[in-house]
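Asks: The following file, input32.cif, comprises mmCIF, C-alpha atoms:
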```cif
data_input
loop_
_atom_site.label_atom_id
_atom_site.label_comp_id
_atom_site.auth_asym_id
_atom_site.auth_seq_id
_atom_site.Cartn_x
_atom_site.Cartn_y
_atom_site.Cartn_z
CA MET A 1 0.00 0.00 0.00
CA SER A 2 2.77 2.42 0.85
CA THR A 3 4.50 1.72 -2.49
CA GLN A 4 1.29 2.39 -4.43
CA ALA A 5 0.74 5.62 -2.52
CA ALA A 6 4.25 6.75 -3.31
CA GLU A 7 3.79 6.03 -7.01
CA ARG A 8 0.42 7.83 -7.25
CA PRO A 9 0.85 11.10 -9.18
CA SER A 10 0.20 14.24 -7.22
CA PRO A 11 -2.61 16.56 -8.43
CA PRO A 12 -1.47 19.41 -10.67
CA ARG A 13 -0.77 22.64 -8.89
CA PRO A 14 -2.75 25.71 -9.96
CA VAL A 15 -0.79 27.95 -12.28
CA PRO A 16 -0.21 31.36 -10.64
CA HIS A 17 -1.32 34.33 -12.70
CA SER A 18 -0.06 37.87 -12.67
CA ARG A 19 -2.04 40.85 -11.38
CA PHE A 20 -2.42 42.02 -14.97
CA TYR A 21 -4.09 38.72 -15.89
CA TRP A 22 -6.62 39.02 -13.07
CA ALA A 23 -7.24 42.68 -13.84
CA LEU A 24 -7.94 41.77 -17.47
CA SER A 25 -10.17 38.87 -16.44
CA ASP A 26 -12.17 41.00 -13.97
CA THR A 27 -12.60 43.77 -16.51
CA SER A 28 -13.81 41.37 -19.21
CA VAL A 29 -16.48 39.99 -16.85
CA LEU A 30 -17.71 43.48 -15.97
CA ILE A 31 -17.70 44.46 -19.66
CA GLY A 32 -19.89 41.43 -20.39
CA ARG A 33 -22.26 42.47 -17.60
CA SER A 34 -22.65 46.00 -18.92
CA VAL A 35 -23.04 44.92 -22.54
CA LYS A 36 -25.79 42.44 -21.60
CA HIS A 37 -27.61 45.12 -19.62
CA ALA A 38 -27.36 47.53 -22.55
CA LEU A 39 -28.67 45.04 -25.10
CA ARG A 40 -31.55 43.94 -22.84
CA ASN A 41 -32.69 47.49 -22.09
CA GLY A 42 -35.37 48.31 -24.63
CA GLU A 43 -35.39 52.03 -23.82
CA GLN A 44 -31.67 52.33 -24.51
CA VAL A 45 -32.05 50.50 -27.81
CA ILE A 46 -34.80 52.95 -28.82
CA VAL A 47 -32.70 55.97 -27.89
CA SER A 48 -29.71 54.50 -29.72
CA THR A 49 -31.59 53.88 -32.96
CA VAL A 50 -35.02 55.49 -33.31
CA LEU A 51 -34.20 59.04 -32.19
CA PRO A 52 -31.24 59.45 -34.59
CA LEU A 53 -33.35 58.06 -37.42
CA LEU A 54 -36.16 60.50 -36.70
CA GLN A 55 -33.71 63.39 -36.64
CA LEU A 56 -32.23 62.29 -39.94
CA LEU A 57 -35.64 62.12 -41.59
CA VAL A 58 -36.77 65.46 -40.15
CA PHE A 59 -33.69 67.36 -41.29
CA ARG A 60 -33.51 65.59 -44.63
CA TYR A 61 -37.11 66.15 -45.69
CA LEU A 62 -38.41 69.10 -43.63
CA PHE A 63 -35.41 71.43 -43.52
CA GLY A 64 -33.04 70.08 -46.15
CA GLY A 65 -34.67 71.94 -49.04
CA ALA A 66 -34.19 75.29 -47.30
CA ILE A 67 -30.49 74.85 -46.45
CA ASN A 68 -27.87 75.62 -49.07
CA THR A 69 -24.87 73.28 -48.81
CA GLY A 70 -23.29 74.16 -52.15
CA ASP A 71 -22.24 71.25 -54.32
CA VAL A 72 -22.88 68.70 -51.57
CA ASP A 73 -26.30 67.05 -51.43
CA TYR A 74 -27.92 67.68 -48.06
CA ALA A 75 -28.32 63.97 -47.37
CA GLY A 76 -24.55 63.58 -47.54
CA TYR A 77 -23.97 66.78 -45.62
CA VAL A 78 -26.19 65.91 -42.66
CA ILE A 79 -25.20 62.25 -42.07
CA PRO A 80 -22.01 62.95 -40.03
CA GLY A 81 -23.84 65.42 -37.81
CA VAL A 82 -26.64 62.96 -37.07
CA ILE A 83 -24.06 60.27 -36.23
CA ILE A 84 -22.28 62.57 -33.76
CA ILE A 85 -25.54 63.61 -32.11
CA SER A 86 -26.67 59.97 -31.89
CA ILE A 87 -23.47 59.22 -29.99
CA GLY A 88 -24.42 62.05 -27.63
CA PHE A 89 -27.77 60.39 -26.94
CA ASN A 90 -25.98 57.13 -26.14
CA VAL A 91 -23.55 58.90 -23.84
CA SER A 92 -26.49 60.11 -21.77
CA ASN A 93 -27.48 56.47 -21.23
CA THR A 94 -23.94 55.73 -20.04
CA SER A 95 -24.12 58.44 -17.37
CA VAL A 96 -27.51 57.24 -16.19
CA GLY A 97 -26.43 53.57 -16.09
CA LEU A 98 -23.33 54.26 -13.99
CA ALA A 99 -25.24 56.63 -11.71
CA ASN A 100 -27.80 53.87 -11.11
CA ASP A 101 -25.04 51.46 -10.14
CA LEU A 102 -23.60 54.01 -7.74
CA GLN A 103 -27.02 54.59 -6.16
CA GLU A 104 -28.11 50.96 -5.87
CA GLY A 105 -25.16 49.69 -3.84
CA ILE A 106 -23.56 47.39 -6.42
CA VAL A 107 -20.27 49.26 -5.92
CA GLU A 108 -20.15 48.23 -2.26
CA ARG A 109 -20.76 44.61 -3.27
CA PHE A 110 -17.91 44.73 -5.76
CA ARG A 111 -15.64 46.33 -3.16
CA SER A 112 -16.04 43.19 -1.01
CA MET A 113 -14.63 41.09 -3.86
CA PRO A 114 -10.99 40.83 -4.96
CA ILE A 115 -11.54 42.53 -8.32
CA VAL A 116 -9.98 45.49 -10.07
CA SER A 117 -11.63 48.64 -8.75
CA THR A 118 -12.16 50.50 -12.05
CA GLY A 119 -13.46 47.52 -14.02
CA MET A 120 -17.02 48.81 -13.62
CA LEU A 121 -16.11 52.02 -15.43
CA THR A 122 -14.50 50.12 -18.28
CA GLY A 123 -17.56 47.90 -18.52
CA HIS A 124 -19.91 50.84 -18.89
CA VAL A 125 -17.65 52.46 -21.49
CA ALA A 126 -17.43 49.22 -23.50
CA ALA A 127 -21.22 48.82 -23.46
CA SER A 128 -21.54 52.43 -24.56
CA VAL A 129 -19.20 51.85 -27.52
CA VAL A 130 -21.30 48.83 -28.54
CA ARG A 131 -24.40 51.04 -28.60
CA HIS A 132 -22.49 53.64 -30.61
CA CYS A 133 -21.54 51.07 -33.24
CA ILE A 134 -25.16 49.94 -33.58
CA SER A 135 -26.35 53.52 -33.90
CA ILE A 136 -23.69 54.44 -36.48
CA THR A 137 -24.58 51.41 -38.58
CA VAL A 138 -28.32 52.10 -38.48
CA VAL A 139 -27.88 55.79 -39.41
CA MET A 140 -25.58 54.87 -42.30
CA LEU A 141 -28.04 52.32 -43.66
CA LEU A 142 -30.97 54.73 -43.54
CA GLY A 143 -28.77 57.39 -45.11
CA LEU A 144 -28.14 55.14 -48.08
CA LEU A 145 -31.90 54.75 -48.53
CA ILE A 146 -32.58 58.50 -48.56
CA GLY A 147 -29.85 59.56 -50.97
CA PHE A 148 -26.51 59.40 -49.17
CA ASP A 149 -23.89 58.55 -51.81
CA PRO A 150 -20.46 58.05 -50.18
CA LYS A 151 -17.36 58.37 -52.35
CA ALA A 152 -14.92 57.09 -49.75
CA GLY A 153 -12.22 54.57 -50.54
CA LEU A 154 -11.09 51.89 -48.10
CA LEU A 155 -8.57 54.10 -46.31
CA ASP A 156 -11.11 56.91 -46.08
CA TRP A 157 -13.63 54.56 -44.45
CA VAL A 158 -11.00 53.34 -41.99
CA ALA A 159 -10.02 56.91 -41.10
CA ALA A 160 -13.64 58.03 -40.68
CA ILE A 161 -14.56 55.06 -38.50
CA GLY A 162 -11.37 55.51 -36.49
CA LEU A 163 -12.21 59.16 -35.76
CA LEU A 164 -15.75 58.21 -34.76
CA LEU A 165 -14.51 55.50 -32.38
CA VAL A 166 -11.98 57.85 -30.78
CA PHE A 167 -14.74 60.39 -30.23
CA ALA A 168 -17.19 57.75 -28.99
CA THR A 169 -14.68 56.39 -26.47
CA ALA A 170 -13.67 59.83 -25.20
CA ALA A 171 -17.30 60.93 -24.89
CA SER A 172 -18.18 57.71 -23.02
CA TRP A 173 -15.38 58.25 -20.51
CA LEU A 174 -16.50 61.85 -20.09
CA ALA A 175 -19.98 60.50 -19.33
CA THR A 176 -18.54 58.43 -16.48
CA VAL A 177 -16.99 61.60 -15.05
CA PHE A 178 -20.40 63.29 -15.16
CA ALA A 179 -21.98 60.32 -13.37
CA LEU A 180 -19.31 60.38 -10.67
CA LEU A 181 -19.64 64.14 -10.15
CA ALA A 182 -23.43 64.06 -9.93
CA LYS A 183 -25.13 63.13 -6.68
CA THR A 184 -28.29 61.78 -8.30
CA VAL A 185 -29.29 59.90 -11.43
CA GLU A 186 -31.18 62.97 -12.60
CA GLY A 187 -28.08 65.10 -12.12
CA ALA A 188 -25.98 62.69 -14.17
CA SER A 189 -28.57 62.81 -16.96
CA GLY A 190 -28.58 66.60 -16.89
CA LEU A 191 -24.80 66.94 -17.06
CA SER A 192 -24.57 64.54 -19.99
CA LEU A 193 -26.90 66.77 -22.01
CA ILE A 194 -23.84 68.97 -22.63
CA ILE A 195 -22.59 66.33 -25.07
CA VAL A 196 -26.05 65.99 -26.61
CA PHE A 197 -26.67 69.66 -27.38
CA LEU A 198 -23.19 71.09 -28.02
CA PRO A 199 -23.00 69.46 -31.51
CA TYR A 200 -26.04 71.50 -32.54
CA ALA A 201 -23.82 74.58 -32.35
CA SER A 202 -21.46 73.16 -34.97
CA SER A 203 -21.40 72.42 -38.68
CA ALA A 204 -23.66 69.40 -38.13
CA TYR A 205 -26.76 70.75 -39.88
CA VAL A 206 -25.86 74.16 -41.31
CA PRO A 207 -22.65 75.46 -42.95
CA PRO A 208 -20.90 77.91 -40.57
CA SER A 209 -20.49 80.37 -43.46
CA THR A 210 -24.22 81.15 -43.21
CA MET A 211 -24.01 82.16 -39.53
CA PRO A 212 -23.48 85.62 -37.99
CA GLY A 213 -19.85 86.60 -37.33
CA ALA A 214 -19.62 85.97 -33.57
CA LEU A 215 -21.53 82.71 -33.70
CA ARG A 216 -19.52 81.58 -36.70
CA GLY A 217 -16.28 82.10 -34.78
CA ILE A 218 -17.53 79.96 -31.90
CA VAL A 219 -18.82 77.23 -34.20
CA GLU A 220 -15.60 77.02 -36.22
CA HIS A 221 -13.39 76.71 -33.12
CA GLN A 222 -15.26 74.22 -30.96
CA PRO A 223 -14.24 70.52 -30.90
CA PHE A 224 -17.25 69.06 -32.72
CA THR A 225 -16.90 71.06 -35.93
CA PRO A 226 -13.49 69.68 -37.07
CA LEU A 227 -14.67 66.18 -36.20
CA ILE A 228 -17.86 66.50 -38.26
CA ASP A 229 -16.05 68.22 -41.14
CA SER A 230 -13.41 65.47 -41.20
CA VAL A 231 -15.90 62.60 -41.22
CA ARG A 232 -17.99 64.38 -43.87
CA GLY A 233 -14.98 65.00 -46.11
CA LEU A 234 -13.68 61.45 -45.75
CA LEU A 235 -17.06 59.91 -46.58
CA LEU A 236 -17.73 62.23 -49.52
CA GLY A 237 -14.18 62.11 -50.89
CA THR A 238 -13.53 65.85 -50.48
CA PRO A 239 -10.40 67.48 -49.00
CA ILE A 240 -10.39 67.84 -45.20
CA GLY A 241 -7.26 69.96 -44.77
CA ASN A 242 -6.04 69.99 -41.15
CA SER A 243 -9.44 69.28 -39.63
CA GLY A 244 -8.65 65.58 -39.16
CA TRP A 245 -5.54 66.28 -37.07
CA ILE A 246 -7.34 68.99 -35.13
CA ALA A 247 -10.23 66.63 -34.34
CA LEU A 248 -7.81 63.89 -33.29
CA ALA A 249 -5.93 66.31 -31.04
CA TRP A 250 -9.16 67.44 -29.37
CA TRP A 251 -10.60 64.02 -28.63
CA LEU A 252 -7.42 62.05 -27.97
CA GLY A 253 -6.35 64.84 -25.64
CA LEU A 254 -9.68 64.67 -23.84
CA LEU A 255 -9.41 60.88 -23.59
CA VAL A 256 -5.96 61.11 -22.01
CA VAL A 257 -7.33 63.51 -19.40
CA VAL A 258 -10.70 61.98 -18.52
CA VAL A 259 -9.61 58.35 -18.05
CA PRO A 260 -7.37 59.01 -15.01
CA VAL A 261 -9.81 61.60 -13.70
CA ALA A 262 -12.64 59.04 -13.85
CA GLY A 263 -10.49 56.47 -12.03
CA LEU A 264 -9.61 58.98 -9.30
CA LEU A 265 -13.21 60.08 -8.82
CA PHE A 266 -14.41 56.47 -8.71
CA ARG A 267 -11.93 55.52 -5.99
CA ARG A 268 -12.92 58.54 -3.94
CA ARG A 269 -16.61 57.81 -4.43
CA ALA A 270 -16.15 54.15 -3.47
CA LEU A 271 -14.38 55.08 -0.22
CA ARG A 272 -17.24 57.23 1.06
#
```
Before anything else, please render the file you have as structure tokens.
Replies:
Amino acid sequence: MSTQAAERPSPPRPVPHSRFYWALSDTSVLIGRSVKHALRNGEQVIVSTVLPLLQLLVFRYLFGGAINTGDVDYAGYVIPGVIIISIGFNVSNTSVGLANDLQEGIVERFRSMPIVSTGMLTGHVAASVVRHCISITVVMLLGLLIGFDPKAGLLDWVAAIGLLLVFATAASWLATVFALLAKTVEGASGLSLIIVFLPYASSAYVPPSTMPGALRGIVEHQPFTPLIDSVRGLLLGTPIGNSGWIALAWWLGLLVVVVPVAGLLFRRRALR
């Protein structure tokens, strides 16, 4: 018996993993949680798809005939603006979702577990980006049905989508900052409206050249205008000048700032 026991193989030892591995694993689980919540929430799906489509139809058929966009058909002119504003609607959902988590006590439950502290933020941002991609796709498809005729080549499409994803990610992280600064769900929703309405004061629907002097100066030098102009030019195959680099500088710069700020605010909020 003793010889058989000595010859019996010992069970395999668990392989130790690094802290980075566990941080990545925790974050992926929380991303899955947030994405499932987003896809199962009917109201968020409606906001992500129906509202942008209604805006596109309203501006295309009610106002489009009265707006002079030069050689560019209004359907092609308005698509980038509707996409940016649809991302703003989705960002509002991100603020509300995180604020709900902060109010309902799920943060305290996660604090009792050995998981990475900021994984919840990353989960909400990832779910937000998923909603953005759905919204962008739906707006593009409807645009094709109402006269949008893109002239973009492969590299132009890659550049346009890349700019949109940079903006969507930066805006989603900014939404988490709003949720962490607000003390109520209603407050988080109100703060996020900044991202919803600021694109209206841009080149989204009307060429800045038609605006009064002071307003035109503001519109031409705010962060949404170079982004919209760049996406529009890339999709329509027209020159974009320096607007692409300016847009990238605005939104990459914001992303670099808001990610650590969101992490700091979340840790402070969780310690209360």
Asks: Please evaluate the PyMOL selection byres ((chain A and resi 139) around 9) against the structure above and give the resulting residues as a list in words.
Replies: Thr49, Pro52, Leu53, Leu56, Ile79, Val82, Ile83, Ser86, Ile134, Ser135, Ile136, Thr137, Val138, Met140, Leu141, Leu142, Gly143 and Leu144 of chain A
Asks: Between A:Ile246, A:Ala171, A:Ala179, A:Leu163, which residue has the minimum interatomic distance to Ser128 in chain A, considering all atoms listed in the file?
Replies: A:Ala171
Asks: Could you state the separation of CA of Leu121 in chain A and CA of Arg269 in chain A in Å, given to one decimal place?
Replies: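 So the two atoms, CA of Leu121 in chain A and CA of Arg269 in chain A, lie 12.4 Å apart.
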Asks: Pick the closest to Trp251 in chain A from A:Gly162, A:Gly217, A:Gly64, A:Pro150: which is it, counting all atoms listed in the file?
Replies: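 Closest candidate: A:Gly162.
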Asks: List, as a PyMOL selection string, every residue that the PyMOL selection byres ((chain A and resi 237) around 12) selects in the file provided.
Replies: chain A and resi 72+76+149-157+159-160+229-236+238-240
Asks: Write to file, as a CSV table (one decimal), in the frame of the given file, the residues of the selection just made, with C-alpha atoms.
Replies:
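part38.csv, freshly written:
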```csv
chain,number,residue,atom,x,y,z
A,72,VAL,CA,-22.9,68.7,-51.6
A,76,GLY,CA,-24.6,63.6,-47.5
A,149,ASP,CA,-23.9,58.6,-51.8
A,150,PRO,CA,-20.5,58.0,-50.2
A,151,LYS,CA,-17.4,58.4,-52.4
A,152,ALA,CA,-14.9,57.1,-49.8
A,153,GLY,CA,-12.2,54.6,-50.5
A,154,LEU,CA,-11.1,51.9,-48.1
A,155,LEU,CA,-8.6,54.1,-46.3
A,156,ASP,CA,-11.1,56.9,-46.1
A,157,TRP,CA,-13.6,54.6,-44.4
A,159,ALA,CA,-10.0,56.9,-41.1
A,160,ALA,CA,-13.6,58.0,-40.7
A,229,ASP,CA,-16.0,68.2,-41.1
A,230,SER,CA,-13.4,65.5,-41.2
A,231,VAL,CA,-15.9,62.6,-41.2
A,232,ARG,CA,-18.0,64.4,-43.9
A,233,GLY,CA,-15.0,65.0,-46.1
A,234,LEU,CA,-13.7,61.4,-45.8
A,235,LEU,CA,-17.1,59.9,-46.6
A,236,LEU,CA,-17.7,62.2,-49.5
A,238,THR,CA,-13.5,65.8,-50.5
A,239,PRO,CA,-10.4,67.5,-49.0
A,240,ILE,CA,-10.4,67.8,-45.2
```
Asks: Grab the CA of Val125 in chain A to CA of Ser95 in chain A distance for me, in Å with one decimal place.
Replies: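 Going from CA of Val125 in chain A over to CA of Ser95 in chain A, I get 9.7 Å.
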Asks: What's the separation between CA of Val258 in chain A and CA of Trp173 in chain A, in Å to one decimal place?
Replies: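 Those two atoms sit 6.3 Å apart.
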Asks: Starting from the displayed file, determine the output of the PyMOL selection byres ((chain A and resi 188-191) around 10) and express the residue list as a PyMOL selection string.
Replies: chain A and resi 91-100+175-187+192-196
Asks: Counting only C-alpha atoms, note down every residue that has an atom within 6 Å of the point (-18.6, 55.2, -35.9) (file coordinates), as a PyMOL selection string.
Replies: chain A and resi 133+136+161+164-165
Asks: Could you check the closest approach to Gly123 in chain A for each of A:Ser28, A:Val50, A:Ser209, A:Trp250 and tell me which residue wins, using only C-alpha atoms?
Replies: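 The shortest atom-to-atom distance to Gly123 in chain A comes from A:Ser28.
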Asks: (-13.2, 51.9, -28.5) in this file's frame - what residues fall within 9 Å of it? Use all atoms listed in the file and give the answer as a VMD selection string.
Replies: chain A and resid 125 to 126 129 to 130 162 165 to 170
Asks: Please provide the set of residues having any atom within 12 Å of Gly65 in chain A, restricted to only C-alpha atoms, with same-chain residues fewer than 6 positions apart removed, written as a short mmCIF file (atom, residue, chain, number, x, y, z; two decimals) with C-alpha atoms, keeping the file's coordinate frame.
Replies:
```cif
data_model
loop_
_atom_site.label_atom_id
_atom_site.label_comp_id
_atom_site.auth_asym_id
_atom_site.auth_seq_id
_atom_site.Cartn_x
_atom_site.Cartn_y
_atom_site.Cartn_z
CA VAL A 58 -36.77 65.46 -40.15
CA PHE A 59 -33.69 67.36 -41.29
CA ASP A 73 -26.30 67.05 -51.43
CA TYR A 74 -27.92 67.68 -48.06
CA ALA A 75 -28.32 63.97 -47.37
CA VAL A 206 -25.86 74.16 -41.31
#
```
